[in-house]
2 protein chains.
Amino acid sequence: MWDIALTALQDLSTAANAALREADEPHSKVVRFPDTQPLAMDAGVLLAPLTIAYQTYGELNAAKSNAVLICHALTGDQHVANVHPVTGKPGWWETMVGPGRPIDTDRYFVICSNVVGGCMGTTGPASTNPATGKPYGLDLPVVTIRDMVRAQAMLVDHFGIDQLFCVAGGSMGGMQVLQWAASYPERVFCALPIATATRHSSQNIAFHEVGRQAVMADPEWAGGRYFERGLQPTKGLAVARMAAHITYMSDEALHRKFGRKLQNRSAPTFSFDADFQIESYLRHQGSTFVERFDANSYLYVTRAMDYFDLADDYDGVLARAFTGTKTRFCVVSFTSDWLFPTSDSRAVIHALNASGASVSFVEVETDKGHDAFLLDVPDLIATTRGFLDSAARARGIAPARSPAGVA
Amino acid sequence: MWDIALTALQDLSTAANAALREADEPHSKVVRFPDTQPLAMDAGVLLAPLTIAYQTYGELNAAKSNAVLICHALTGDQHVANVHPVTGKPGWWETMVGPGRPIDTDRYFVICSNVVGGCMGTTGPASTNPATGKPYGLDLPVVTIRDMVRAQAMLVDHFGIDQLFCVAGGSMGGMQVLQWAASYPERVFCALPIATATRHSSQNIAFHEVGRQAVMADPEWAGGRYFERGLQPTKGLAVARMAAHITYMSDEALHRKFGRKLQNRSAPTFSFDADFQIESYLRHQGSTFVERFDANSYLYVTRAMDYFDLADDYDGVLARAFTGTKTRFCVVSFTSDWLFPTSDSRAVIHALNASGASVSFVEVETDKGHDAFLLDVPDLIATTRGFLDSAARARGIAPARSPAGVA
């Protein structure tokens with residue numbers, strides 16, 4: 001009775017093995033860069049060989065001018081607009097990406113790659129370390145947002161694309177967008193950073209640290225060597241996900257959606273069962289997450305976000321990150337997002353204005369919290385459509401030949 | 001290197017044993033109610049024998065009119081204004097309680113008892129179950145805020161006090177204050193609920209559920225039977241505390257206090273060490289907490305808060321909880337408290353106004369978050385002093401004979 005919460009996590013060997021296979025043999029296209037093309041990492045080491053797993057949608061035009069790079073968030077991956085190979089669920093941004101959608105795959109060539117440090121085929125802690133024949137575990141150097149972006153640039157080179165039409169993403173994806181605009185300004189025609197910041201706040205680092213400690217406190221984490229021992233720190237990872245998930249939602253939305261409603265009962269049980277719907281919901285979020293995500297990747301990718309502080313590379317003056325940029329920016333925040341509040345986006349706007357950049361800013365009114373960037377929020381959809389349509393005309397990208405007419 | 005975080009928790013057998021001893025043989029006064037005086041619990045059972053551990057400060061006057069009952073918060077205890085017997089630290093409310101303080105022990109007789117379900121001597125899950133001779137563990141019925149208050153009323157009866165001059169407390173202590181005012185209106189001359197609510201929000205239940213799952217996910221929790229097995233779920237409890245601690249502070253205070261400052265280093269280590277001061281601080285909070293608190297008590301007391309919904313006992317109409325009350329109320333909230341925001345206090349005020357009660361309300365401007373009720377916040381101190389002085393004059397309580405003159 002008392003341990004019903006995470007008992008479903010006891011027998012995950014199948015799912016764990018699936019995740020392990022996905023790390024080396026993903027259900028995605030891959031580019032395997034040879035040892036002669038290593039990734040130069042901020043940690044001061046060269047990572048080789050580097051594998052990048054990615055998905056594409058639509059067709060690259062002859063001028064190679066219509067490519068949109070989508071950068072995924074902490075627990076996202078490259079499966080933006082197709083059925084996920086592990087969960088069987090729809091792509092994570094199908095509201096935004098597809099035929100007739102704002103990021104219209106009838107018009108644009110859309111690329112999304114799994115980040116370095118991830119677990120869906122790009123080199124990460126679950127990937128086989130060629131030096132040992134075993135998963136890297138914590139032998140993988142700590143990854144930064146800039147490392148992720150450098151790897152993406154190698155993929156873009158692989159396609160022979162000089163300039164991306166757009167780089168877009170929310171949350172950690174937005175951090176990558178900002179890093180792209182700073183590192184490769186001539187390669188980004190327009191940029192769409194959503195619900196993000198140029199640096200991770202103390203509170204956000206704190207929540208990430210709780211998640212990492214939850215993982216590391218699980219004895220089945222085994223110092224990161226769980227795969228070799230046939231273990232999985234699923235309970236610790238589930239707790240980490242539960243804590244994080246609260247931060248993705250607003251207090252208002254939780255109140256509206258769950259309030260103090262009881263789960264399939266008319267009175268409290270006077271026990272530690274999931275009496276309240278919010279408890280049941282959170283447990284479900286925890287238990288489904290561990291079926292698709294690698295615990296060590298969770299450590300690496302949260303760490304990358306914590307380390308992110310774009311101004312640090314420019315003597316602490318954020319505006320210098322964008323000096324002379326010709327990139328067009330559209331910055332979006334959400335009124336109820338307390339993880340990356342509007343004040344974070346305003347700091348980006350101030351820096352861009354100080355750089356004389358072309359920038360528009362939309363604060364979308366919604367009670368859906370940080371996760372609004374993933375949801376069907378009409379003002380977000382309309383903003384993205386308007387910004388991209390206008391930029392595409394400026395870039396001379398032909399309209400979709402057979403628009404699907406999806407509003 | 002990777003497991004430095006909570007390694008200090010490995011050898012806590014001494015601390016664990018100390019906690020166990022404190023549960024049955026506390027460094028406090030105790031009242032041991034016989035089996036003929038059981039506690040009637042909301043779970044529908046009679047708990048006997050009931051032990052209540054408490055501290056008092058000052059002297060009860062001849063009219064027994066100067067008693068102040070202080071109700072402690074989630075992880076607090078009866079050691080309000082004396083050195084804590086386990087941690088050796090000062091009492092948790094010495095800013096507020098003592099000679100010349102707003103709750104002036106030269107004037108008032110101050111009582112604080114450990115709550116039912118706690119671990120400092122009042123009957124709780126670490127106490128010996130007389131039926132088995134072993135700690136109750138999860139065999140203790142689930143406790144509610146009303147159960148805590150019923151037990152306190154038994155203690156007040158024990159002192160022969162008909163009417164308390166004041167019932168005061170913050171956070172969960174404030175929930176008890178409101179329950180006192182609703183259950184025993186004629187026994188509460190004035191009430192001071194601080195940073196509290198008449199019901200726990202969905203978001204707050206969610207954070208508590210994360211904490212409970214962190215404890216239960218620790219294999220050393222052992223279904224709650226850890227004491228008998230010589231174990232302690234210290235890692236799970238530390239993670240629970242870390243997550244909770246974030247919610248006690250405001251984003252602004254975290255930014256001001258820690259920002260992105262590094263801990264004893266000039267550059268990030270590219271590791272999972274506690275590079276950032278906030279990480280180090282949180283780990284410290286987690287590791288010191290487990291030395292003084294029982295994991296099962298954490299489950300029980302968080303559950304009591306989650307179950308609290310005062311209006312539920314009054315057909316959902318909160319105002320009916322206070323119909324005809326003569327108690328004088330002073331409700332206090334803090335601008336930066338996002339766990340029990342001012343809107344929660346306003347709901348109390350609306351209900352009290354609808355009941356025609358005597359009520360004042362102060363929203364204190366501070367960036368210290370929920371924990372402000374524990375801190376030296378001048379406006380809180382001044383508000384409390386003014387409210388109590390005025391009420392004491394109305395009650396005819398003599399001024400302190402030898403005021404210490406502490407401002």
# chains A, B, ... in the order shown; residues from 1 in each chain; ligands from 1
>>> select_by_dssp(residues="stretch 321-381 of chain A", states="helix (DSSP H, G or I)", output="list in words")
Ala321, Phe322, Thr342, Ser343, Asp344, Ser345, Arg346, Ala347, Val348, Ile349, His350, Ala351, Leu352, Asn353, Ala354, His370, Asp371, Ala372, Phe373, Leu374, Pro378, Asp379, Leu380 and Ile381 of chain A
>>> write_last_selection(atoms="N, CA and C atoms", output="mmCIF file, in the first residue's frame")
data_model
loop_
_atom_site.group_PDB
_atom_site.id
_atom_site.type_symbol
_atom_site.label_atom_id
_atom_site.label_comp_id
_atom_site.auth_asym_id
_atom_site.auth_seq_id
_atom_site.Cartn_x
_atom_site.Cartn_y
_atom_site.Cartn_z
ATOM 1 N N ALA A 321 27.366 40.576 -26.947
ATOM 2 C CA ALA A 321 27.129 39.279 -27.599
ATOM 3 C C ALA A 321 26.463 39.474 -28.954
ATOM 4 N N PHE A 322 25.809 40.637 -29.125
ATOM 5 C CA PHE A 322 25.020 40.844 -30.341
ATOM 6 C C PHE A 322 25.490 42.046 -31.156
ATOM 7 N N THR A 342 9.119 36.847 -17.571
ATOM 8 C CA THR A 342 9.246 37.880 -18.593
ATOM 9 C C THR A 342 10.453 38.772 -18.337
ATOM 10 N N SER A 343 10.817 38.959 -17.076
ATOM 11 C CA SER A 343 11.986 39.804 -16.788
ATOM 12 C C SER A 343 13.249 39.242 -17.459
ATOM 13 N N ASP A 344 13.348 37.922 -17.570
ATOM 14 C CA ASP A 344 14.493 37.330 -18.275
ATOM 15 C C ASP A 344 14.487 37.716 -19.748
ATOM 16 N N SER A 345 13.300 37.695 -20.350
ATOM 17 C CA SER A 345 13.205 38.066 -21.771
ATOM 18 C C SER A 345 13.484 39.550 -21.963
ATOM 19 N N ARG A 346 13.065 40.358 -20.989
ATOM 20 C CA ARG A 346 13.327 41.797 -21.098
ATOM 21 C C ARG A 346 14.830 42.087 -21.093
ATOM 22 N N ALA A 347 15.573 41.281 -20.337
ATOM 23 C CA ALA A 347 17.029 41.461 -20.324
ATOM 24 C C ALA A 347 17.598 41.201 -21.722
ATOM 25 N N VAL A 348 17.052 40.223 -22.422
ATOM 26 C CA VAL A 348 17.482 39.951 -23.806
ATOM 27 C C VAL A 348 17.145 41.137 -24.697
ATOM 28 N N ILE A 349 15.922 41.636 -24.540
ATOM 29 C CA ILE A 349 15.461 42.773 -25.350
ATOM 30 C C ILE A 349 16.354 44.000 -25.129
ATOM 31 N N HIS A 350 16.662 44.260 -23.872
ATOM 32 C CA HIS A 350 17.507 45.419 -23.574
ATOM 33 C C HIS A 350 18.865 45.287 -24.258
ATOM 34 N N ALA A 351 19.437 44.087 -24.191
ATOM 35 C CA ALA A 351 20.746 43.869 -24.818
ATOM 36 C C ALA A 351 20.651 44.018 -26.333
ATOM 37 N N LEU A 352 19.581 43.478 -26.916
ATOM 38 C CA LEU A 352 19.418 43.568 -28.371
ATOM 39 C C LEU A 352 19.192 45.013 -28.794
ATOM 40 N N ASN A 353 18.392 45.736 -28.020
ATOM 41 C CA ASN A 353 18.171 47.149 -28.336
ATOM 42 C C ASN A 353 19.480 47.925 -28.256
ATOM 43 N N ALA A 354 20.271 47.612 -27.226
ATOM 44 C CA ALA A 354 21.553 48.299 -27.070
ATOM 45 C C ALA A 354 22.493 47.985 -28.231
ATOM 46 N N HIS A 370 5.435 27.824 -17.818
ATOM 47 C CA HIS A 370 6.573 27.645 -18.718
ATOM 48 C C HIS A 370 6.246 26.710 -19.881
ATOM 49 N N ASP A 371 5.490 25.671 -19.601
ATOM 50 C CA ASP A 371 5.165 24.684 -20.631
ATOM 51 C C ASP A 371 4.318 25.252 -21.769
ATOM 52 N N ALA A 372 3.881 26.496 -21.652
ATOM 53 C CA ALA A 372 3.071 27.098 -22.713
ATOM 54 C C ALA A 372 3.766 27.028 -24.067
ATOM 55 N N PHE A 373 5.104 27.018 -24.062
ATOM 56 C CA PHE A 373 5.796 27.012 -25.367
ATOM 57 C C PHE A 373 5.557 25.717 -26.124
ATOM 58 N N LEU A 374 5.152 24.668 -25.408
ATOM 59 C CA LEU A 374 4.887 23.373 -26.039
ATOM 60 C C LEU A 374 3.421 23.194 -26.417
ATOM 61 N N PRO A 378 -2.825 30.056 -28.866
ATOM 62 C CA PRO A 378 -3.082 30.773 -30.128
ATOM 63 C C PRO A 378 -2.164 31.978 -30.355
ATOM 64 N N ASP A 379 -1.889 32.761 -29.325
ATOM 65 C CA ASP A 379 -1.053 33.953 -29.514
ATOM 66 C C ASP A 379 0.387 33.575 -29.866
ATOM 67 N N LEU A 380 0.852 32.449 -29.336
ATOM 68 C CA LEU A 380 2.198 31.986 -29.686
ATOM 69 C C LEU A 380 2.231 31.530 -31.153
ATOM 70 N N ILE A 381 1.214 30.782 -31.542
ATOM 71 C CA ILE A 381 1.129 30.287 -32.921
ATOM 72 C C ILE A 381 1.069 31.473 -33.893
#
>>> interface_residues(of="chain A", to="chain B", cutoff="7 Å", atoms="only C-alpha atoms", output="PyMOL selection string")
chain A and resi 2+43+142+201-203+206-207+209-210+213-214+217-218+223+235-236+239+242-243+251+254-255+258-260+270-271+278-279
>>> write_last_selection(atoms="N, CA and C atoms", output="PDB file, in the first residue's frame")
ATOM      1  N   TRP A   2       1.935   1.217   0.795  1.00  0.00           N
ATOM      2  CA  TRP A   2       2.732   2.429   0.938  1.00  0.00           C
ATOM      3  C   TRP A   2       3.691   2.657  -0.209  1.00  0.00           C
ATOM      4  N   ALA A  43      34.890  22.176 -22.065  1.00  0.00           N
ATOM      5  CA  ALA A  43      35.647  21.559 -20.970  1.00  0.00           C
ATOM      6  C   ALA A  43      37.128  21.442 -21.320  1.00  0.00           C
ATOM      7  N   VAL A 142      31.731  17.200 -19.189  1.00  0.00           N
ATOM      8  CA  VAL A 142      30.537  18.020 -18.981  1.00  0.00           C
ATOM      9  C   VAL A 142      30.296  18.864 -20.239  1.00  0.00           C
ATOM     10  N   SER A 201      19.011  31.235 -13.537  1.00  0.00           N
ATOM     11  CA  SER A 201      18.935  31.916 -12.241  1.00  0.00           C
ATOM     12  C   SER A 201      19.333  30.987 -11.108  1.00  0.00           C
ATOM     13  N   SER A 202      19.568  31.591  -9.960  1.00  0.00           N
ATOM     14  CA  SER A 202      19.918  30.838  -8.762  1.00  0.00           C
ATOM     15  C   SER A 202      18.807  29.842  -8.411  1.00  0.00           C
ATOM     16  N   GLN A 203      17.561  30.291  -8.492  1.00  0.00           N
ATOM     17  CA  GLN A 203      16.441  29.398  -8.173  1.00  0.00           C
ATOM     18  C   GLN A 203      16.398  28.221  -9.150  1.00  0.00           C
ATOM     19  N   ALA A 206      19.011  25.812  -8.374  1.00  0.00           N
ATOM     20  CA  ALA A 206      18.604  25.088  -7.157  1.00  0.00           C
ATOM     21  C   ALA A 206      17.679  23.924  -7.502  1.00  0.00           C
ATOM     22  N   PHE A 207      16.679  24.170  -8.312  1.00  0.00           N
ATOM     23  CA  PHE A 207      15.770  23.078  -8.686  1.00  0.00           C
ATOM     24  C   PHE A 207      16.521  21.975  -9.445  1.00  0.00           C
ATOM     25  N   GLU A 209      19.644  21.199  -9.106  1.00  0.00           N
ATOM     26  CA  GLU A 209      20.501  20.496  -8.146  1.00  0.00           C
ATOM     27  C   GLU A 209      19.683  19.471  -7.349  1.00  0.00           C
ATOM     28  N   VAL A 210      18.461  19.829  -6.991  1.00  0.00           N
ATOM     29  CA  VAL A 210      17.584  18.869  -6.308  1.00  0.00           C
ATOM     30  C   VAL A 210      17.387  17.633  -7.196  1.00  0.00           C
ATOM     31  N   GLN A 213      20.559  15.543  -7.287  1.00  0.00           N
ATOM     32  CA  GLN A 213      20.774  14.831  -6.016  1.00  0.00           C
ATOM     33  C   GLN A 213      19.783  13.685  -5.859  1.00  0.00           C
ATOM     34  N   ALA A 214      18.566  13.870  -6.372  1.00  0.00           N
ATOM     35  CA  ALA A 214      17.586  12.770  -6.312  1.00  0.00           C
ATOM     36  C   ALA A 214      18.095  11.578  -7.113  1.00  0.00           C
ATOM     37  N   ALA A 217      21.190  10.073  -5.333  1.00  0.00           N
ATOM     38  CA  ALA A 217      20.853   9.438  -4.052  1.00  0.00           C
ATOM     39  C   ALA A 217      20.296   8.033  -4.257  1.00  0.00           C
ATOM     40  N   ASP A 218      19.866   7.737  -5.482  1.00  0.00           N
ATOM     41  CA  ASP A 218      19.322   6.407  -5.764  1.00  0.00           C
ATOM     42  C   ASP A 218      20.486   5.426  -5.855  1.00  0.00           C
ATOM     43  N   GLY A 223      26.983   5.381  -9.134  1.00  0.00           N
ATOM     44  CA  GLY A 223      28.058   6.231  -9.636  1.00  0.00           C
ATOM     45  C   GLY A 223      27.987   6.450 -11.143  1.00  0.00           C
ATOM     46  N   LYS A 235      13.737   5.377  -9.640  1.00  0.00           N
ATOM     47  CA  LYS A 235      13.014   6.089  -8.575  1.00  0.00           C
ATOM     48  C   LYS A 235      13.581   7.492  -8.391  1.00  0.00           C
ATOM     49  N   GLY A 236      14.891   7.586  -8.370  1.00  0.00           N
ATOM     50  CA  GLY A 236      15.510   8.903  -8.225  1.00  0.00           C
ATOM     51  C   GLY A 236      15.168   9.810  -9.392  1.00  0.00           C
ATOM     52  N   VAL A 239      11.591  11.063  -9.134  1.00  0.00           N
ATOM     53  CA  VAL A 239      11.465  12.160  -8.159  1.00  0.00           C
ATOM     54  C   VAL A 239      11.979  13.469  -8.778  1.00  0.00           C
ATOM     55  N   MET A 242       9.370  14.761 -11.113  1.00  0.00           N
ATOM     56  CA  MET A 242       8.208  15.303 -10.400  1.00  0.00           C
ATOM     57  C   MET A 242       8.491  16.725  -9.915  1.00  0.00           C
ATOM     58  N   ALA A 243       9.664  16.915  -9.307  1.00  0.00           N
ATOM     59  CA  ALA A 243      10.010  18.254  -8.806  1.00  0.00           C
ATOM     60  C   ALA A 243      10.065  19.246  -9.960  1.00  0.00           C
ATOM     61  N   ASP A 251       0.941  28.124 -10.797  1.00  0.00           N
ATOM     62  CA  ASP A 251       0.065  27.900  -9.656  1.00  0.00           C
ATOM     63  C   ASP A 251      -1.402  27.988 -10.092  1.00  0.00           C
ATOM     64  N   LEU A 254      -2.460  24.905 -12.070  1.00  0.00           N
ATOM     65  CA  LEU A 254      -2.626  23.763 -11.168  1.00  0.00           C
ATOM     66  C   LEU A 254      -3.943  23.873 -10.410  1.00  0.00           C
ATOM     67  N   HIS A 255      -4.242  25.096  -9.985  1.00  0.00           N
ATOM     68  CA  HIS A 255      -5.484  25.306  -9.242  1.00  0.00           C
ATOM     69  C   HIS A 255      -6.687  25.022 -10.143  1.00  0.00           C
ATOM     70  N   PHE A 258      -6.450  21.013 -11.167  1.00  0.00           N
ATOM     71  CA  PHE A 258      -6.544  19.998 -10.111  1.00  0.00           C
ATOM     72  C   PHE A 258      -7.188  20.523  -8.830  1.00  0.00           C
ATOM     73  N   GLY A 259      -6.834  21.759  -8.452  1.00  0.00           N
ATOM     74  CA  GLY A 259      -7.311  22.263  -7.176  1.00  0.00           C
ATOM     75  C   GLY A 259      -7.011  21.258  -6.081  1.00  0.00           C
ATOM     76  N   ARG A 260      -8.003  20.960  -5.261  1.00  0.00           N
ATOM     77  CA  ARG A 260      -7.841  19.946  -4.212  1.00  0.00           C
ATOM     78  C   ARG A 260      -8.707  18.723  -4.522  1.00  0.00           C
ATOM     79  N   PHE A 270      -6.983   8.846   4.547  1.00  0.00           N
ATOM     80  CA  PHE A 270      -6.135   8.860   5.738  1.00  0.00           C
ATOM     81  C   PHE A 270      -4.961   7.890   5.571  1.00  0.00           C
ATOM     82  N   SER A 271      -4.302   8.056   4.451  1.00  0.00           N
ATOM     83  CA  SER A 271      -3.132   7.229   4.151  1.00  0.00           C
ATOM     84  C   SER A 271      -2.191   8.073   3.296  1.00  0.00           C
ATOM     85  N   ILE A 278      -3.610  15.845  -8.082  1.00  0.00           N
ATOM     86  CA  ILE A 278      -2.290  16.377  -8.400  1.00  0.00           C
ATOM     87  C   ILE A 278      -1.200  15.373  -8.044  1.00  0.00           C
ATOM     88  N   GLU A 279      -1.402  14.606  -6.983  1.00  0.00           N
ATOM     89  CA  GLU A 279      -0.407  13.595  -6.603  1.00  0.00           C
ATOM     90  C   GLU A 279      -0.344  12.495  -7.653  1.00  0.00           C
TER      91      GLU A 279
END
>>> residues_around(residues="stretch 324-329 of chain B", least_positions_apart="5", cutoff="7 Å", atoms="only C-alpha atoms", output="count of residues only")
11
>>> residues_around(residues="B:Ser113", least_positions_apart="5", cutoff="9 Å", atoms="only C-alpha atoms", output="ChimeraX atom specification")
/B:52-56,69-72,77-79,122,152,155
>>> write_last_selection(atoms="C-alpha atoms", output="tab-separated table (two decimals), in the first residue's frame")
chain	number	residue	atom	x	y	z
B	52	ILE	CA	2.73	15.69	24.69
B	53	ALA	CA	6.18	17.24	24.98
B	54	TYR	CA	6.30	20.98	25.54
B	55	GLN	CA	8.30	23.96	26.70
B	56	THR	CA	7.08	26.98	28.67
B	69	LEU	CA	0.17	29.26	22.81
B	70	ILE	CA	2.69	29.13	19.99
B	71	CYS	CA	2.08	26.63	17.22
B	72	HIS	CA	5.13	25.47	15.31
B	77	ASP	CA	9.27	21.98	17.42
B	78	GLN	CA	8.66	23.17	20.99
B	79	HIS	CA	12.10	24.71	21.38
B	122	THR	CA	4.92	14.18	21.41
B	152	GLN	CA	-2.96	21.11	22.35
B	155	LEU	CA	-2.48	20.32	27.24
>>> residues_around(residues="A:Tyr184", least_positions_apart="6", cutoff="10 Å", atoms="only C-alpha atoms", output="ChimeraX atom specification")
/A:149-150,153,163,178,325,327
>>> write_last_selection(atoms="C-alpha atoms", output="mmCIF file, in the first residue's frame")
data_model
loop_
_atom_site.group_PDB
_atom_site.id
_atom_site.type_symbol
_atom_site.label_atom_id
_atom_site.label_comp_id
_atom_site.auth_asym_id
_atom_site.auth_seq_id
_atom_site.Cartn_x
_atom_site.Cartn_y
_atom_site.Cartn_z
ATOM 1 C CA VAL A 149 25.472 24.617 -30.676
ATOM 2 C CA ARG A 150 28.938 23.810 -32.058
ATOM 3 C CA ALA A 153 26.872 23.889 -36.635
ATOM 4 C CA GLN A 163 22.946 30.509 -43.460
ATOM 5 C CA LEU A 178 20.673 32.927 -28.310
ATOM 6 C CA THR A 325 24.122 41.604 -35.627
ATOM 7 C CA THR A 327 19.738 38.784 -37.345
#
>>> select_by_dssp(residues="stretch 22-227 of chain A", states="strand (DSSP E or B)", output="PyMOL selection string")
chain A and resi 29-33+39-40+46-47+50-57+67-70+97-98+103-104+109-113+128-129+134-135+164-170+188-194+199
>>> residues_around(residues="B:Ser336", least_positions_apart="5", cutoff="8 Å", atoms="only C-alpha atoms", output="MDAnalysis selection string")
chainID B and resid 250 341 365:370
>>> write_last_selection(atoms="N, CA and C atoms", output="JSON list (two decimals), in the first residue's frame")
[["chain", "number", "residue", "atom", "x", "y", "z"],
["B", 250, "SER", "N", 12.45, 33.40, -1.60],
["B", 250, "SER", "CA", 11.98, 34.05, -2.82],
["B", 250, "SER", "C", 13.08, 34.01, -3.87],
["B", 341, "PRO", "N", 0.96, 32.82, -0.54],
["B", 341, "PRO", "CA", 0.94, 34.21, -1.00],
["B", 341, "PRO", "C", -0.15, 35.02, -0.30],
["B", 365, "GLU", "N", 6.20, 44.12, 3.49],
["B", 365, "GLU", "CA", 7.07, 44.22, 2.30],
["B", 365, "GLU", "C", 8.44, 43.64, 2.66],
["B", 366, "THR", "N", 8.80, 42.56, 2.01],
["B", 366, "THR", "CA", 10.11, 41.93, 2.25],
["B", 366, "THR", "C", 10.44, 41.03, 1.08],
["B", 367, "ASP", "N", 11.72, 40.82, 0.82],
["B", 367, "ASP", "CA", 12.10, 39.89, -0.25],
["B", 367, "ASP", "C", 12.50, 38.53, 0.33],
["B", 368, "LYS", "N", 12.20, 38.30, 1.61],
["B", 368, "LYS", "CA", 12.70, 37.09, 2.26],
["B", 368, "LYS", "C", 11.83, 35.86, 2.10],
["B", 369, "GLY", "N", 10.73, 35.99, 1.35],
["B", 369, "GLY", "CA", 9.92, 34.82, 1.05],
["B", 369, "GLY", "C", 9.16, 34.29, 2.25],
["B", 370, "HIS", "N", 8.74, 33.04, 2.15],
["B", 370, "HIS", "CA", 7.92, 32.42, 3.19],
["B", 370, "HIS", "C", 8.65, 32.42, 4.54]]
>>> atom_distance(atom1="atom CA of B:Asp139", atom2="atom CA of B:Arg21")
18.9 Å
>>> decode(residues="stretch 327-369 of chain A", atoms="C-alpha atoms", output="compact mmCIF listing (two decimals), in the first residue's frame")
# COMPACT_ATOMS: atom_id res chain seq x y z
CA THR A 327 19.74 38.78 -37.34
CA ARG A 328 16.04 39.59 -36.86
CA PHE A 329 14.80 38.56 -33.45
CA CYS A 330 11.39 37.75 -32.08
CA VAL A 331 11.48 37.18 -28.31
CA VAL A 332 8.47 35.54 -26.65
CA SER A 333 7.63 35.13 -22.97
CA PHE A 334 4.55 33.98 -21.06
CA THR A 335 2.87 35.91 -18.27
CA SER A 336 2.55 32.89 -15.94
CA ASP A 337 6.03 31.43 -16.55
CA TRP A 338 7.85 31.67 -13.21
CA LEU A 339 10.79 29.50 -14.29
CA PHE A 340 11.82 31.87 -17.11
CA PRO A 341 9.80 34.96 -16.26
CA THR A 342 9.25 37.88 -18.59
CA SER A 343 11.99 39.80 -16.79
CA ASP A 344 14.49 37.33 -18.27
CA SER A 345 13.20 38.07 -21.77
CA ARG A 346 13.33 41.80 -21.10
CA ALA A 347 17.03 41.46 -20.32
CA VAL A 348 17.48 39.95 -23.81
CA ILE A 349 15.46 42.77 -25.35
CA HIS A 350 17.51 45.42 -23.57
CA ALA A 351 20.75 43.87 -24.82
CA LEU A 352 19.42 43.57 -28.37
CA ASN A 353 18.17 47.15 -28.34
CA ALA A 354 21.55 48.30 -27.07
CA SER A 355 23.10 46.46 -30.03
CA GLY A 356 20.75 48.16 -32.46
CA ALA A 357 19.32 44.81 -33.49
CA SER A 358 16.00 44.27 -35.23
CA VAL A 359 13.82 42.90 -32.50
CA SER A 360 10.20 42.36 -31.62
CA PHE A 361 8.91 41.18 -28.28
CA VAL A 362 5.66 39.51 -27.36
CA GLU A 363 4.58 38.66 -23.85
CA VAL A 364 1.79 36.15 -24.30
CA GLU A 365 -1.03 36.23 -21.75
CA THR A 366 -1.63 32.67 -20.57
CA ASP A 367 -1.98 30.76 -17.29
CA LYS A 368 -0.17 27.71 -18.70
CA GLY A 369 3.22 28.53 -17.20
